[in-house]
file upload.cif (mmCIF, C-alpha atoms)
data_my_file
loop_
_atom_site.label_atom_id
_atom_site.label_comp_id
_atom_site.auth_asym_id
_atom_site.auth_seq_id
_atom_site.Cartn_x
_atom_site.Cartn_y
_atom_site.Cartn_z
CA MET U 19 -64.23 8.73 166.21
CA GLN U 20 -61.97 6.33 164.43
CA GLN U 21 -63.85 7.07 161.28
CA GLN U 22 -63.17 10.81 161.69
CA GLN U 23 -59.46 10.23 162.23
CA GLN U 24 -59.32 8.06 159.13
CA GLN U 25 -61.07 10.76 157.10
CA ARG U 26 -58.56 13.39 158.39
CA ARG U 27 -55.63 11.17 157.40
CA MET U 28 -57.04 10.71 153.91
CA PHE U 29 -57.68 14.44 153.58
CA THR U 30 -54.13 15.19 154.76
CA ALA U 31 -52.67 12.62 152.35
CA ALA U 32 -54.64 14.09 149.45
CA LEU U 33 -53.54 17.60 150.41
CA LEU U 34 -49.88 16.52 150.58
CA ALA U 35 -50.17 14.80 147.17
CA LEU U 36 -51.60 18.00 145.70
CA VAL U 37 -48.78 20.11 147.17
CA PHE U 38 -46.22 17.61 145.84
CA LEU U 39 -47.72 17.77 142.31
CA LEU U 40 -47.71 21.56 142.35
CA ALA U 41 -44.05 21.56 143.41
CA VAL U 42 -43.10 19.16 140.61
CA VAL U 43 -44.96 21.17 137.97
CA SER U 44 -43.46 24.51 139.04
CA THR U 45 -39.94 22.98 139.12
CA THR U 46 -40.43 21.60 135.61
CA GLU U 47 -41.73 24.95 134.34
CA ALA U 48 -38.85 26.82 135.99
CA GLY U 49 -36.33 24.52 134.28
CA LYS U 50 -37.65 25.40 130.83
CA LYS U 51 -36.12 28.43 129.25
CA GLU U 52 -38.43 30.57 127.27
CA LYS U 53 -37.50 30.49 123.64
CA PRO U 54 -36.74 33.91 122.32
CA GLU U 55 -39.25 34.86 119.66
CA LYS U 56 -37.87 34.76 116.18
CA LYS U 57 -37.52 38.25 114.91
CA ALA U 58 -39.48 38.76 111.77
CA LYS U 59 -37.14 39.69 108.99
CA LYS U 60 -38.03 43.11 107.84
CA SER U 61 -37.18 43.33 104.21
CA ASP U 62 -37.33 46.44 102.13
CA CYS U 63 -37.76 44.30 99.02
CA GLY U 64 -40.83 45.20 97.02
CA GLU U 65 -43.19 42.80 95.27
CA TRP U 66 -42.07 41.30 91.98
CA GLN U 67 -43.28 43.24 88.96
CA TRP U 68 -43.45 41.10 85.81
CA SER U 69 -43.23 42.12 82.18
CA VAL U 70 -45.49 40.57 79.58
CA CYS U 71 -44.62 37.13 78.29
CA VAL U 72 -42.50 37.32 75.13
CA PRO U 73 -42.72 34.20 72.95
CA THR U 74 -39.46 32.59 71.92
CA SER U 75 -40.71 32.29 68.34
CA GLY U 76 -43.90 33.38 66.62
CA ASP U 77 -46.70 35.08 68.54
CA CYS U 78 -47.62 32.25 70.94
CA GLY U 79 -46.19 29.22 72.70
CA LEU U 80 -43.26 29.09 75.13
CA GLY U 81 -41.47 32.29 76.07
CA THR U 82 -39.93 34.26 78.92
CA ARG U 83 -40.80 37.24 81.11
CA GLU U 84 -38.58 39.51 83.15
CA GLY U 85 -39.25 40.26 86.81
CA THR U 86 -37.89 43.17 88.84
CA ARG U 87 -38.21 44.41 92.41
CA THR U 88 -36.62 47.23 94.34
CA GLY U 89 -34.86 47.37 97.69
CA ALA U 90 -31.35 48.10 98.95
CA GLU U 91 -31.06 44.82 100.88
CA CYS U 92 -32.60 42.54 98.23
CA LYS U 93 -30.34 39.69 97.22
CA GLN U 94 -32.07 39.41 93.86
CA THR U 95 -33.64 42.36 92.06
CA THR U 96 -34.14 40.84 88.60
CA LYS U 97 -34.97 37.38 87.35
CA THR U 98 -36.28 35.62 84.26
CA GLN U 99 -39.19 33.20 84.32
CA LYS U 100 -40.52 30.79 81.71
CA CYS U 101 -44.07 31.41 80.54
CA LYS U 102 -46.51 30.26 77.89
CA ILE U 103 -48.97 32.14 75.71
CA PRO U 104 -51.89 29.97 74.59
CA CYS U 105 -52.12 30.01 70.80
CA ASN U 106 -55.94 30.14 70.71
CA TRP U 107 -56.29 33.43 72.65
CA LYS U 108 -57.16 36.72 70.94
CA LYS U 109 -53.81 38.51 70.79
CA GLN U 110 -55.25 41.93 70.02
CA PHE U 111 -56.32 42.30 73.68
CA GLY U 112 -53.04 41.14 75.17
CA ALA U 113 -51.61 37.67 74.97
CA GLU U 114 -52.21 37.11 78.69
CA CYS U 115 -55.89 38.08 78.75
CA LYS U 116 -58.62 35.48 78.08
CA TYR U 117 -62.17 36.64 77.32
CA GLN U 118 -65.54 34.90 77.14
CA PHE U 119 -67.33 36.33 74.09
CA GLN U 120 -71.06 36.67 73.51
CA ALA U 121 -72.72 35.81 70.21
CA TRP U 122 -72.26 38.18 67.27
CA GLY U 123 -74.80 40.99 67.13
CA GLU U 124 -76.91 41.97 64.14
CA CYS U 125 -75.27 43.66 61.18
CA ASP U 126 -75.16 47.47 61.40
CA LEU U 127 -76.23 48.60 57.93
CA ASN U 128 -74.49 51.98 58.32
CA THR U 129 -71.06 50.50 59.01
CA ALA U 130 -71.53 47.03 57.47
CA LEU U 131 -70.02 45.61 60.66
CA LYS U 132 -71.29 43.33 63.39
CA THR U 133 -69.89 43.39 66.91
CA ARG U 134 -69.69 41.29 70.03
CA THR U 135 -68.53 41.87 73.59
CA GLY U 136 -66.13 39.78 75.64
CA ASN U 137 -65.88 39.68 79.43
CA LEU U 138 -62.56 38.96 81.13
CA LYS U 139 -62.38 35.28 82.01
CA ARG U 140 -58.73 34.92 83.07
CA ALA U 141 -55.58 37.01 83.30
CA LEU U 142 -52.22 35.25 83.40
CA HIS U 143 -49.49 36.45 85.77
CA ASN U 144 -51.40 39.47 87.08
CA ALA U 145 -51.64 40.92 83.60
CA ASP U 146 -53.34 44.30 83.29
CA CYS U 147 -56.44 43.38 81.27
CA GLN U 148 -59.58 45.30 80.36
CA LYS U 149 -62.72 43.99 82.09
CA THR U 150 -64.72 44.04 78.84
CA VAL U 151 -63.70 44.35 75.20
CA THR U 152 -65.64 44.78 71.97
CA ILE U 153 -64.63 43.41 68.58
CA SER U 154 -66.11 44.00 65.14
CA LYS U 155 -65.99 42.21 61.81
CA PRO U 156 -67.52 42.77 58.40
CA CYS U 157 -71.03 41.50 57.84
CA GLY U 158 -71.69 38.80 55.30
CA LYS U 159 -71.62 35.07 55.08
CA LEU U 160 -68.36 33.25 54.86
CA THR U 161 -68.31 30.90 51.90
CA LYS U 162 -66.56 27.66 52.51
CA PRO U 163 -64.49 26.26 49.67
CA LYS U 164 -66.06 23.21 48.11
CA PRO U 165 -64.22 19.93 48.50
CA GLN U 166 -62.00 18.95 45.57
CA GLU U 167 -63.85 15.66 45.01
CA SER U 168 -67.10 17.37 44.10
CA LYS U 169 -65.31 19.43 41.42
CA LYS U 170 -63.83 16.28 39.92
CA LYS U 171 -67.21 14.60 39.84
CA LYS U 172 -68.77 17.61 38.10
CA LYS U 173 -65.98 17.64 35.48
CA GLU U 174 -66.39 13.91 34.91
CA GLY U 175 -70.16 14.38 34.60
CA LYS U 176 -69.68 17.13 32.00
CA LYS U 177 -67.26 14.96 30.04
CA GLN U 178 -69.76 12.13 29.96
CA GLU U 179 -72.51 14.54 28.82
CA LYS U 180 -70.29 15.74 25.98
CA MET U 181 -69.55 12.18 24.94
CA LEU U 182 -73.26 11.38 24.81
CA ASP U 183 -73.92 14.40 22.56
#
call {"tool": "encode", "arguments": {"input": "upload.cif", "output": "structure tokens"}}
result
Amino acid sequence: MQQQQQQRRMFTAALLALVFLLAVVSTTEAGKKEKPEKKAKKSDCGEWQWSVCVPTSGDCGLGTREGTRTGAECKQTTKTQKCKIPCNWKKQFGAECKYQFQAWGECDLNTALKTRTGNLKRALHNADCQKTVTISKPCGKLTKPKPQESKKKKKEGKKQEKMLD
């Protein structure tokens, strides 16, 4: 019997502790004010639209581009941004479009031209680039100019031959 009374007391104590914890938690929660949700700023500003990069001098290197966007409540509707046009890119397809070119094709005997195709590799600043481009060039071997030293040696050799005669 004593054991049953002791078990009841422990059960009652545990129950009271649980009620006390619930009261503390609900009081703490009630004391917290719900933070008002931040209102998402609705802006009527459009996305920036950028012009092509215009080099400061020459046809490549550092330059600037103009950006515009529309919207009645926009604080800024135009701005200028620095940009760079790599000097080794093919400018005929747009200075902001980089292509990976295949090997030159065989010479077309009718046109005396050979062609190759390039696939778009990279477009700077969301430039509007063609996915593939084709370029042509005249057929024939390029002759490299001979180094100046070899000409001098030939002239010296001829002079010596004349002296021997």
call {"tool": "resolve_selection", "arguments": {"input": "upload.cif", "expression": "the PyMOL selection byres ((chain U and resi 102) around 7)", "output": "PDB file with C-alpha atoms, in the frame of the given file"}}
result
ATOM      1  CA  GLY U  79     -46.190  29.220  72.700  1.00  0.00           C
ATOM      2  CA  LEU U  80     -43.260  29.090  75.130  1.00  0.00           C
ATOM      3  CA  GLY U  81     -41.470  32.290  76.070  1.00  0.00           C
ATOM      4  CA  CYS U 101     -44.070  31.410  80.540  1.00  0.00           C
ATOM      5  CA  ILE U 103     -48.970  32.140  75.710  1.00  0.00           C
ATOM      6  CA  PRO U 104     -51.890  29.970  74.590  1.00  0.00           C
TER       7      PRO U 104
END
call {"tool": "atom_distance", "arguments": {"input": "upload.cif", "atom1": "CA of Gly136 in chain U", "atom2": "CA of Gln99 in chain U"}}
result
29.1 Å
call {"tool": "resolve_selection", "arguments": {"input": "upload.cif", "expression": "the PyMOL selection byres ((chain U and resi 87) around 10)", "output": "list in words"}}
result
Asp62, Cys63, Gly64, Glu65, Trp66, Gln67, Trp68, Gly85, Thr86, Thr88, Gly89, Cys92, Gln94, Thr95, Thr96 and Lys97 of chain U
call {"tool": "closest_residue", "arguments": {"input": "upload.cif", "among": "U:Phe29, U:Trp122, U:Phe38, U:Phe111", "to": "Cys157 in chain U", "atoms": "only C-alpha atoms"}}
result
U:Trp122
call {"tool": "atom_distance", "arguments": {"input": "upload.cif", "atom1": "CA of Val151 in chain U", "atom2": "CA of Leu131 in chain U"}}
result
15.9 Å
call {"tool": "atom_distance", "arguments": {"input": "upload.cif", "atom1": "CA of Asn137 in chain U", "atom2": "CA of Lys116 in chain U"}}
result
8.5 Å
call {"tool": "resolve_selection", "arguments": {"input": "upload.cif", "expression": "the PyMOL selection byres ((chain U and resi 121) around 10)", "output": "tab-separated table (two decimals) with C-alpha atoms, in the coordinates of the input"}}
result
chain	number	residue	atom	x	y	z
U	119	PHE	CA	-67.33	36.33	74.09
U	120	GLN	CA	-71.06	36.67	73.51
U	122	TRP	CA	-72.26	38.18	67.27
U	123	GLY	CA	-74.80	40.99	67.13
U	124	GLU	CA	-76.91	41.97	64.14
U	133	THR	CA	-69.89	43.39	66.91
U	134	ARG	CA	-69.69	41.29	70.03
U	135	THR	CA	-68.53	41.87	73.59
U	136	GLY	CA	-66.13	39.78	75.64
call {"tool": "closest_residue", "arguments": {"input": "upload.cif", "among": "U:Thr129, U:Gln24, U:Thr82, U:Ser75", "to": "Cys105 in chain U", "atoms": "only C-alpha atoms"}}
result
U:Ser75
call {"tool": "residues_around", "arguments": {"input": "upload.cif", "residues": "range 142-148 of chain U", "least_positions_apart": "4", "cutoff": "8 Å", "atoms": "only C-alpha atoms", "output": "list in words"}}
result
Trp68, Val70, Phe111, Gly112, Glu114, Cys115 and Leu138 of chain U
call {"tool": "write_last_selection", "arguments": {"input": "upload.cif", "atoms": "C-alpha atoms", "output": "CSV table (one decimal), in the frame of the given file"}}
result
chain,number,residue,atom,x,y,z
U,68,TRP,CA,-43.4,41.1,85.8
U,70,VAL,CA,-45.5,40.6,79.6
U,111,PHE,CA,-56.3,42.3,73.7
U,112,GLY,CA,-53.0,41.1,75.2
U,114,GLU,CA,-52.2,37.1,78.7
U,115,CYS,CA,-55.9,38.1,78.8
U,138,LEU,CA,-62.6,39.0,81.1
